[in-house]
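These notes are about the structure you will find just below.
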Amino acid sequence: MKTNLRVRIGNLELKNPLMTASGTSGYGDELGDYFDVSTLGAIVSKSLTLKPKIGNEPPRVTEVACGMLNSIGLANIGVERFISEKLSKLKGSGATIIANIAAKRAEDYLSLAEMLSDRADIQGLEINLSCPNVKEGGIEFGSDPKMLGTITRLARNAFPRTLLVKLTPNVTRISELAKAAEGEGADGVTVANTYVGMAIDIYKRAPKIHTITGGLSGPAIKPLTMAKVYEVRKSVNIPIVASGGVFTWQDVIEYLIAGASAVEIGTVLFAKPNVPEELLIGIENYLSSSNLENISELIASLRTGIDRAPTH
Amino acid sequence: MKTNLRVRIGNLELKNPLMTASGTSGYGDELGDYFDVSTLGAIVSKSLTLKPKIGNEPPRVTEVACGMLNSIGLANIGVERFISEKLSKLKGSGATIIANIAAKRAEDYLSLAEMLSDRADIQGLEINLSCPNVKEGGIEFGSDPKMLGTITRLARNAFPRTLLVKLTPNVTRISELAKAAEGEGADGVTVANTYVGMAIDIYKRAPKIHTITGGLSGPAIKPLTMAKVYEVRKSVNIPIVASGGVFTWQDVIEYLIAGASAVEIGTVLFAKPNVPEELLIGIENYLSSSNLENISELIASLRTGIDRAPTH
Amino acid sequence: MPTNQFLESASVIETREVAAQTFLTEFSSPKIAAAVKPGQFVMLSFPNTLDPLLPRAFSVCETKGDRVILFYVAVGKGTTRLSKMQHAEKVVLNGPLGTGFPELSRGEKVWIAVGGSGAAVLPIIISAANNSGASPTAFYGARTKNQLMQFNHIRIEFATDDGSAGFHGTVVELLKDKMHDSRPDKIFACGPTPMLASVQREFQDKIRTYISVETPMACGMGLCQGCPVKRKDGTGYYLACKDGPVFDARVIELAAGAV
Amino acid sequence: MPTNQFLESASVIETREVAAQTFLTEFSSPKIAAAVKPGQFVMLSFPNTLDPLLPRAFSVCETKGDRVILFYVAVGKGTTRLSKMQHAEKVVLNGPLGTGFPELSRGEKVWIAVGGSGAAVLPIIISAANNSGASPTAFYGARTKNQLMQFNHIRIEFATDDGSAGFHGTVVELLKDKMHDSRPDKIFACGPTPMLASVQREFQDKIRTYISVETPMACGMGLCQGCPVKRKDGTGYYLACKDGPVFDARVIELAAGAV
Ligand SMILES: Cc1cc2nc3c(=O)[nH]c(=O)nc-3n(C[C@H](O)[C@H](O)[C@H](O)COP(=O)(O)OP(=O)(O)OC[C@H]3O[C@@H](n4cnc5c(N)ncnc54)[C@H](O)[C@@H]3O)c2cc1C
Ligand SMILES: Cc1cc2nc3c(=O)[nH]c(=O)nc-3n(C[C@H](O)[C@H](O)[C@H](O)COP(=O)(O)OP(=O)(O)OC[C@H]3O[C@@H](n4cnc5c(N)ncnc54)[C@H](O)[C@@H]3O)c2cc1C
Ligand SMILES: Cc1cc2nc3c(=O)[nH]c(=O)nc-3n(C[C@H](O)[C@H](O)[C@H](O)COP(=O)(O)O)c2cc1C
Ligand SMILES: Cc1cc2nc3c(=O)[nH]c(=O)nc-3n(C[C@H](O)[C@H](O)[C@H](O)COP(=O)(O)O)c2cc1C
Ligand code: FES
Ligand code: FES
């Protein structure tokens, strides 16, 4: 049986639901050494800022149980060098490209969206409002539905193609953020960025990450983000891109069932840069052995059956 | 070198910072088969309600990466049977006893606190406002500083000995809850309960936990709760009891450095019911090899040195 | 406090594949070996790793002197890992746990029906039954022949869904078939939930029937309240790990395909 | 796209303990063995477990035909686990990665100073140096004798802090001592950060000095930006995994005990 893996987010049709997660695949250059990046649904760039950023002081990464903490500080080459140095090579590899942007002022999001709107080879824009590492450019915008709405509107007006808003999970009710994004015209929401976490070197009695706290990613966060995808699915109608702890094809299927239309893979690439190959095979096998021709039949197909509210 | 492990929370002096976490050691009966429970700082009971509760339908537990989800639904024998059937046996074992209580109405917290205040062998009360499984009795009270304050005040007026308020981590800013508890006279805050999580059986396309979402515990949450302990430490002056993912003595030390005065151990007991023995040895060895005579020197001793805020 | 539960660091003696994806592992675990009764189980955990995190439940299959033998089907990461453990590697065993099958008395006729990983309980029941002078008969069902295993010295009547070995049909059909000629005093059953439900339905009103249930467990010792089994009288739940895993078939309601 | 980086499932041939807590493991890993240059590294990950989760960085110590040999000190869970792996068990190696030591030309005199796990790079540098007709001398420092290992066929001058073997003092003091008699064209150094800092301080202005740094790494291949090394010119950071791990000592600032 031939299965159809195509999914649509706004006007963009992805050949399959696998995307890379921003900041975990650079600008796509290196992954080409390990597999054919044109087989992905899309590649999402490292968060781009107006000016290049050198990023935070080391240490920037540390391993914790089933996850890692990072505080990169948005180190990136800036939007201009991305366009001039990286884009055409990436395009040449056949990849579908989504640019992720971050800024510390609302008007900078607008400038970034405008600069990228001219480049038709940038098929989507993902707004990072949720990076927990960078005070003003991250958590502050992303945890306030109003600010999030404002920036979504600015980007929406400037960028004609697919617009994703990436949400922070470090809030009481993520669905309120999702509704704000939907209300201002986002084509989809990415659920979610990393969780604020911390680890201490008990011999130095010092934080293991220079900025004291960092963002937790990896399998540890999968159940948390799964619950958030499910929460958001019940409150908005636009597609959800899930991001958090995908390591196996089973994880991809789990997110689709919970309500995601596509899935970003991040931390797993560090250990298995060619993982998309095995994920795609796994997804296809699962669909055919479940007699599903179309991946859309799987999306949000959770059977909750009877009323499962607590009984007390 | 003889080290002093004593810590104080309100008027209660614990012989060391190790407590069991509510709901992970029953009423203390079973643990006695594996080690001497009088060696613990304290035993915290399963959450007690006014009437017995049968709890949620199965499945109630499932394993996830470095953690587990549970949705027990506060199954417990009720406060009266706890007092009549369990208390004297527990007391006989030499344990220091803290009763954990939960309810779905504010006035029930008051009744529970009153019933337990008469029993001097209950040396502390921990208020569970944060169980994510039970709609009204859990997350609703616990995520609203006002409701939390009201209940803290009721319990404070009724219960003369040590009063702990256990916070939910499923909020944007846990320190606001901690401040509310402190403001109404809590002797300490427990940081924190479990995180809302979800897992799906991809073959049945059904939730792995009957109530769809459950509470995530275990090592997966340790970096998250560590960051919250650190956040709370900066905003209140009362002692913090850390609860989340402690598996090794290193984890205990890490929480103390981050700012906790005591630490609850939960999920680890399922795999290693005698783990307190090795934790105590590890803590003592660490202290003596660090030339610390008194465990209080360790508490909140994180060296953050230079300004570690993100650089841009 | 006197206790008959132990937390033992047990070293692997050997592992053998005995049927499709099915293994026997022998451990040195003297305290548990001495104390365990038929139908009781151990919680097995892997030291020095967080993956898997929680202990896994296994019925004790057999004891030999100081040794505890487990019989299991490699279905997930714990059992797969176990099946690859080499001589002298260590696990931690917590047990014996739970309430097992009732003791048998001299002359009592017991039929033991097992399926899948439930076959684990056969050897230990048979040897206890023989010791007490009872008269056990073993029935063992599977989908197909290569999932079955022959335990040493035990006469077993097999049943396969596809007829590739023994009786052509389910183990419950085999029991019903045998009932035409004779009738046991008790039935013990251990296996997948649908099989247990069928045993319960067919025999609970006629013969004293005991079934050993499997529910997800986090602790195995009553700490977590994670293993409820519905009481038939509607008053709530038993705990599989303390009140069970073996129950009189008349007192519980099996989950309707829910787990 | 042509590539000279490979992701290979590599099976363990054997592991030997060669000094205190120090091991050599030999893998079958033909593609990496054929491509690796001195100072380059591999990222090693354990399949089928989430603990450890991230790959670990190891300099390639030596190659023998199809084989890649790693030399490491068991300091944490990854290295401890590796040290217990048995013949035929598999890991995944990603490499060769990074920018290694510069190629040497005929007749060039190079002094190689190593300490701790940095000794890993000795054999591969020496054999490349010999192949190109350069003239290498090896210096190896440790706190005490039982932390040192003797690599086959390599003449090494040892230094120990406690004087229990070779020169009594640090490897840097030993180098300074030797400088009275002779002077190399280049210095290569690999070891703990304080040792590298001392090498940098003493020699960077006199001799072309190359140091191989260790920073925490998540990916090892430029994906994560997790491995910054401060540029001396104040314009930001290099990435240890792509621009390094080997750097001209003059261009970087070593973390002041921060890591
Ligand atoms: C009292 C008791 C005794 C048991 N005795 C045996 C025995 O003797 N031999 C044997 O092979 N198995 C036995 N089991 C089942 C065994 O515990 C599970 O198969 C085992 O936990 C699976 O672990 P895993 O890591 O390999 O699988 P996982 O990776 O954890 O899961 C694999 C699959 O098994 C399911 N599963 C996990 N745990 C359980 C569980 N406790 N019950 C039912 N399904 C589960 C999961 O949902 C999943 O579908 C027993 C279970 C109980 C409760
Ligand atoms: C380019 C490079 C080459 C290396 N080559 C070798 C080698 O040939 N032989 C060898 O023995 N080691 C080498 N290392 C160091 C090695 O990667 C770490 O010792 C290893 O990651 C520790 O893993 P673990 O799981 O055993 O320790 P963990 O449990 O992860 O940590 C143990 C301790 O080591 C520290 N640590 C962890 N990772 C690193 C790291 N990357 N750098 C410094 N400290 C770390 C931790 O903070 C902790 O204190 C190299 C590192 C790099 C970056
Ligand atoms: C090292 C690292 C760098 C990251 N950088 C960014 C970033 O620049 N912009 C962004 O939106 N998300 C960033 N993220 C978050 C990831 O895109 C992803 O949402 C998150 O890691 C959860 O997915 P995972 O568990 O699959 O890694 C980063 C994550 C990691 C681990
Ligand atoms: C099975 C289970 C039951 C729990 N029941 C309760 C409870 O009744 N009351 C409560 O306040 N917390 C309860 N908790 C939360 C724990 O007390 C603890 O705060 C949490 O599990 C985090 O710690 P851990 O990671 O060490 O388990 C429960 C946790 C588990 C795993
Ligand atoms: S498994 Fe924990 S109470 Fe039964
Ligand atoms: S380790 Fe990831 S970029 Fe260097």
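Each chain of the structure tokens is named A, B, ... in the order shown, its residues numbered from 1; ligands are numbered from 1 in display order.
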_Proximal residues of chain D relative to chain A (only C-alpha atoms; 10 Å) as JSON, numbers by chain_ = {"D": [1, 2, 3, 4, 5, 6, 7, 43, 44, 45, 46, 47, 49, 50, 51, 52, 53, 54, 55, 56, 92, 93, 94, 215, 216, 217, 218, 219, 220, 221, 222, 223, 224, 225, 226, 227, 228, 229, 230, 235, 236, 237, 238, 255, 258, 259]}
*Got a sec: who's within 7 Å of Thr168 in chain A, counting only C-alpha atoms, leaving out chain neighbours fewer than 3 positions off, as a ChimeraX atom specification?*
/A:130,142-143,192-193
Next, dump the selected residues to file, keeping only C-alpha atoms, as a PDB file, in the first residue's frame.
ATOM      1  CA  SER A 130       9.953  31.429  23.655  1.00  0.00           C
ATOM      2  CA  GLY A 142       6.287  34.632  24.566  1.00  0.00           C
ATOM      3  CA  SER A 143       4.547  34.281  27.894  1.00  0.00           C
ATOM      4  CA  ALA A 192       6.841  23.997  22.302  1.00  0.00           C
ATOM      5  CA  ASN A 193      10.287  25.374  23.047  1.00  0.00           C
TER       6      ASN A 193
END
*Expected answer as a PyMOL selection string: strand (DSSP E or B) residues in range 70-144 of chain B*: chain B and resi 70+76+97-101+124-128
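Counting from atom 42 (N, counted along the ligand's line) of ligand 2, the distance to CA of Ala57 in chain D is 7.8 Å.
Look at Glu297 in chain B: the protein and nucleic acid residues within 12 Å of it, using only C-alpha atoms and passing over chain neighbours fewer than 5 places away, are Arg205 of chain A; Thr3, Asn4, Leu5, Arg6, Val7, Ile253, Leu256, Ile257, Gly259, Ala260, Ser261, Leu287, Ser290, Asn291, Leu292 and Leu302 of chain B.
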*asked:* At a cut-off of 6 Å and counting only C-alpha atoms and all ligand atoms, what residues surround ligand 2? Please answer as a list of chain:residue names.
replied: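 Sorted by chain and then by number, the residues are D:Phe41, D:Arg56, D:Ala57, D:Phe58, D:Ser59, D:Phe71, D:Tyr72, D:Val73, D:Ala74, D:Val75, D:Gly76, D:Lys77, D:Gly78, D:Thr79, D:Thr80, D:Ser117, D:Ala120, D:Glu214, D:Thr215, D:Pro216, D:Met217, D:Pro245.
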*CA of Ile122 in chain A and CA of Arg105 in chain A, how far apart in Å?*
22.4 Å
*Taking into account only C-alpha atoms and all ligand atoms, which residue in the set D:Cys241, D:Ile207, D:Asn48, D:Val251 is nearest to ligand 1?*
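Closest candidate: D:Asn48.
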*Those in range 91-214 of chain B with alpha helix (DSSP H) from DSSP, as number ranges by chain*: B: 91-92, 106-117, 141-142, 145-158, 174-183
Write the residues you've just listed into a file as a short mmCIF file (atom, residue, chain, number, x, y, z; two decimals), in the first residue's frame, and include N, CA, C and O atoms for each of them.
data_model
loop_
_atom_site.label_atom_id
_atom_site.label_comp_id
_atom_site.auth_asym_id
_atom_site.auth_seq_id
_atom_site.Cartn_x
_atom_site.Cartn_y
_atom_site.Cartn_z
N LYS B 91 4.05 5.63 64.71
CA LYS B 91 4.69 6.26 65.85
C LYS B 91 5.60 5.26 66.57
O LYS B 91 6.73 5.58 66.94
N GLY B 92 5.10 4.06 66.71
CA GLY B 92 5.88 3.01 67.36
C GLY B 92 7.19 2.72 66.67
O GLY B 92 8.17 2.29 67.29
N ALA B 106 -12.39 24.45 50.45
CA ALA B 106 -11.53 25.13 51.41
C ALA B 106 -11.88 24.71 52.83
O ALA B 106 -11.00 24.44 53.65
N GLU B 107 -13.19 24.61 53.13
CA GLU B 107 -13.57 24.28 54.51
C GLU B 107 -13.15 22.87 54.91
O GLU B 107 -12.93 22.58 56.08
N ASP B 108 -12.98 21.99 53.92
CA ASP B 108 -12.51 20.65 54.25
C ASP B 108 -11.04 20.66 54.69
O ASP B 108 -10.64 19.87 55.54
N TYR B 109 -10.26 21.56 54.10
CA TYR B 109 -8.88 21.69 54.58
C TYR B 109 -8.88 22.09 56.04
O TYR B 109 -8.12 21.57 56.85
N LEU B 110 -9.79 22.99 56.37
CA LEU B 110 -9.89 23.42 57.76
C LEU B 110 -10.25 22.25 58.66
O LEU B 110 -9.60 22.00 59.68
N SER B 111 -11.26 21.48 58.26
CA SER B 111 -11.66 20.33 59.09
C SER B 111 -10.51 19.36 59.27
O SER B 111 -10.27 18.84 60.36
N LEU B 112 -9.82 19.10 58.17
CA LEU B 112 -8.70 18.16 58.25
C LEU B 112 -7.62 18.68 59.19
O LEU B 112 -7.11 17.94 60.04
N ALA B 113 -7.29 19.96 59.07
CA ALA B 113 -6.25 20.54 59.92
C ALA B 113 -6.68 20.47 61.39
O ALA B 113 -5.87 20.18 62.27
N GLU B 114 -7.95 20.72 61.62
CA GLU B 114 -8.43 20.66 63.00
C GLU B 114 -8.33 19.24 63.56
O GLU B 114 -7.88 19.03 64.68
N MET B 115 -8.78 18.27 62.76
CA MET B 115 -8.72 16.89 63.24
C MET B 115 -7.30 16.46 63.57
O MET B 115 -7.07 15.70 64.50
N LEU B 116 -6.36 16.93 62.77
CA LEU B 116 -4.98 16.49 62.95
C LEU B 116 -4.25 17.30 64.01
O LEU B 116 -3.23 16.87 64.55
N SER B 117 -4.79 18.46 64.34
CA SER B 117 -4.09 19.32 65.30
C SER B 117 -4.10 18.73 66.71
O SER B 117 -3.20 18.98 67.51
N PHE B 141 -7.01 25.12 43.24
CA PHE B 141 -6.55 25.88 44.39
C PHE B 141 -5.10 26.29 44.22
O PHE B 141 -4.70 27.40 44.49
N GLY B 142 -4.31 25.33 43.81
CA GLY B 142 -2.86 25.48 43.91
C GLY B 142 -2.28 26.45 42.92
O GLY B 142 -1.18 26.96 43.13
N PRO B 145 -2.77 32.15 43.60
CA PRO B 145 -2.18 32.60 44.87
C PRO B 145 -3.24 32.98 45.91
O PRO B 145 -3.03 32.76 47.10
N LYS B 146 -4.37 33.51 45.46
CA LYS B 146 -5.39 33.91 46.44
C LYS B 146 -5.99 32.71 47.15
O LYS B 146 -6.07 32.67 48.37
N MET B 147 -6.45 31.73 46.37
CA MET B 147 -7.02 30.52 46.98
C MET B 147 -5.99 29.84 47.86
O MET B 147 -6.30 29.37 48.96
N LEU B 148 -4.76 29.79 47.35
CA LEU B 148 -3.70 29.16 48.13
C LEU B 148 -3.52 29.89 49.45
O LEU B 148 -3.39 29.27 50.52
N GLY B 149 -3.58 31.21 49.40
CA GLY B 149 -3.43 31.99 50.61
C GLY B 149 -4.57 31.72 51.60
O GLY B 149 -4.35 31.53 52.80
N THR B 150 -5.78 31.66 51.09
CA THR B 150 -6.94 31.41 51.95
C THR B 150 -6.78 30.08 52.69
O THR B 150 -6.98 30.00 53.91
N ILE B 151 -6.43 29.07 51.96
CA ILE B 151 -6.34 27.74 52.58
C ILE B 151 -5.16 27.68 53.55
O ILE B 151 -5.26 27.10 54.63
N THR B 152 -4.08 28.33 53.18
CA THR B 152 -2.94 28.37 54.10
C THR B 152 -3.37 29.02 55.42
O THR B 152 -3.05 28.52 56.51
N ARG B 153 -4.12 30.10 55.32
CA ARG B 153 -4.54 30.81 56.52
C ARG B 153 -5.44 29.92 57.39
O ARG B 153 -5.26 29.83 58.60
N LEU B 154 -6.39 29.25 56.74
CA LEU B 154 -7.28 28.35 57.49
C LEU B 154 -6.47 27.29 58.22
O LEU B 154 -6.67 27.04 59.42
N ALA B 155 -5.55 26.68 57.52
CA ALA B 155 -4.77 25.60 58.13
C ALA B 155 -3.86 26.15 59.22
O ALA B 155 -3.69 25.55 60.28
N ARG B 156 -3.28 27.32 58.94
CA ARG B 156 -2.39 27.95 59.91
C ARG B 156 -3.11 28.20 61.24
O ARG B 156 -2.58 27.94 62.32
N ASN B 157 -4.33 28.68 61.14
CA ASN B 157 -5.07 28.98 62.36
C ASN B 157 -5.43 27.71 63.12
O ASN B 157 -5.52 27.71 64.33
N ALA B 158 -5.61 26.62 62.40
CA ALA B 158 -6.06 25.40 63.06
C ALA B 158 -4.92 24.52 63.54
O ALA B 158 -5.07 23.76 64.49
N ILE B 174 6.18 30.20 39.94
CA ILE B 174 5.91 29.49 41.19
C ILE B 174 6.24 30.36 42.40
O ILE B 174 5.65 30.18 43.47
N SER B 175 7.13 31.31 42.22
CA SER B 175 7.52 32.14 43.37
C SER B 175 6.34 32.97 43.89
O SER B 175 6.29 33.30 45.07
N GLU B 176 5.38 33.27 43.03
CA GLU B 176 4.20 34.01 43.52
C GLU B 176 3.38 33.15 44.47
O GLU B 176 2.81 33.65 45.44
N LEU B 177 3.32 31.87 44.19
CA LEU B 177 2.61 30.96 45.10
C LEU B 177 3.36 30.86 46.42
O LEU B 177 2.76 30.86 47.50
N ALA B 178 4.68 30.78 46.32
CA ALA B 178 5.49 30.65 47.53
C ALA B 178 5.31 31.88 48.41
O ALA B 178 5.19 31.77 49.64
N LYS B 179 5.28 33.04 47.78
CA LYS B 179 5.09 34.27 48.55
C LYS B 179 3.73 34.28 49.25
O LYS B 179 3.62 34.70 50.39
N ALA B 180 2.72 33.80 48.56
CA ALA B 180 1.38 33.76 49.16
C ALA B 180 1.39 32.83 50.37
O ALA B 180 0.82 33.14 51.42
N ALA B 181 2.06 31.71 50.28
CA ALA B 181 2.13 30.78 51.40
C ALA B 181 2.88 31.41 52.57
O ALA B 181 2.45 31.35 53.72
N GLU B 182 3.99 32.03 52.24
CA GLU B 182 4.78 32.68 53.29
C GLU B 182 3.95 33.78 53.97
O GLU B 182 3.91 33.89 55.20
N GLY B 183 3.26 34.55 53.16
CA GLY B 183 2.47 35.66 53.68
C GLY B 183 1.39 35.22 54.65
O GLY B 183 1.02 35.95 55.56
#
*asked:* I'd like the interatomic distance between CA of Asp162 in chain D and CA of His180 in chain D, to a tenth of an Å.
replied: 22.8 Å
_7 Å contact set for Ile265 in chain B, only C-alpha atoms, chain neighbours under 2 positions out, as a list of chain:residue names_ =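 Result of the neighbour search: B:Met19, B:Thr20, B:Ala21, B:Ser243, B:Val246, B:Val263, B:Thr267, B:Val268.
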Could you please take those selected residues and save all heavy atoms as an mmCIF file, in the first residue's frame?
data_model
loop_
_atom_site.group_PDB
_atom_site.id
_atom_site.type_symbol
_atom_site.label_atom_id
_atom_site.label_comp_id
_atom_site.auth_asym_id
_atom_site.auth_seq_id
_atom_site.Cartn_x
_atom_site.Cartn_y
_atom_site.Cartn_z
ATOM 1 N N MET B 19 13.097 13.280 53.693
ATOM 2 C CA MET B 19 11.692 12.977 53.967
ATOM 3 C C MET B 19 11.177 12.080 52.848
ATOM 4 O O MET B 19 11.713 12.096 51.747
ATOM 5 C CB MET B 19 10.868 14.270 53.994
ATOM 6 C CG MET B 19 11.337 15.264 55.046
ATOM 7 S SD MET B 19 10.724 16.971 54.801
ATOM 8 C CE MET B 19 8.969 16.708 54.755
ATOM 9 N N THR B 20 10.148 11.307 53.134
ATOM 10 C CA THR B 20 9.514 10.611 52.020
ATOM 11 C C THR B 20 8.503 11.568 51.391
ATOM 12 O O THR B 20 8.020 12.489 52.033
ATOM 13 C CB THR B 20 8.786 9.336 52.483
ATOM 14 O OG1 THR B 20 7.781 9.707 53.435
ATOM 15 C CG2 THR B 20 9.745 8.342 53.115
ATOM 16 N N ALA B 21 8.195 11.330 50.105
ATOM 17 C CA ALA B 21 7.237 12.181 49.403
ATOM 18 C C ALA B 21 5.853 11.557 49.510
ATOM 19 O O ALA B 21 5.695 10.335 49.398
ATOM 20 C CB ALA B 21 7.639 12.321 47.938
ATOM 21 N N SER B 243 11.155 18.547 46.140
ATOM 22 C CA SER B 243 10.586 17.254 45.776
ATOM 23 C C SER B 243 10.547 17.134 44.263
ATOM 24 O O SER B 243 9.812 17.855 43.591
ATOM 25 C CB SER B 243 9.169 17.122 46.329
ATOM 26 O OG SER B 243 8.574 15.918 45.864
ATOM 27 N N VAL B 246 14.672 12.993 42.951
ATOM 28 C CA VAL B 246 15.864 12.584 43.711
ATOM 29 C C VAL B 246 16.051 11.080 43.587
ATOM 30 O O VAL B 246 15.157 10.300 43.922
ATOM 31 C CB VAL B 246 15.746 12.986 45.194
ATOM 32 C CG1 VAL B 246 16.851 12.329 46.023
ATOM 33 C CG2 VAL B 246 15.803 14.493 45.338
ATOM 34 N N VAL B 263 14.638 17.504 51.620
ATOM 35 C CA VAL B 263 14.381 16.917 50.316
ATOM 36 C C VAL B 263 13.452 15.723 50.482
ATOM 37 O O VAL B 263 13.663 14.895 51.360
ATOM 38 C CB VAL B 263 15.726 16.483 49.687
ATOM 39 C CG1 VAL B 263 15.510 15.532 48.538
ATOM 40 C CG2 VAL B 263 16.509 17.707 49.221
ATOM 41 N N THR B 267 9.559 8.709 43.775
ATOM 42 C CA THR B 267 9.599 7.638 42.786
ATOM 43 C C THR B 267 10.748 6.643 42.997
ATOM 44 O O THR B 267 10.585 5.443 42.759
ATOM 45 C CB THR B 267 9.670 8.271 41.383
ATOM 46 O OG1 THR B 267 8.520 9.125 41.235
ATOM 47 C CG2 THR B 267 9.652 7.228 40.289
ATOM 48 N N VAL B 268 11.875 7.133 43.456
ATOM 49 C CA VAL B 268 13.027 6.238 43.642
ATOM 50 C C VAL B 268 12.704 5.074 44.580
ATOM 51 O O VAL B 268 13.268 3.987 44.452
ATOM 52 C CB VAL B 268 14.263 7.020 44.147
ATOM 53 C CG1 VAL B 268 14.040 7.579 45.538
ATOM 54 C CG2 VAL B 268 15.512 6.137 44.122
#
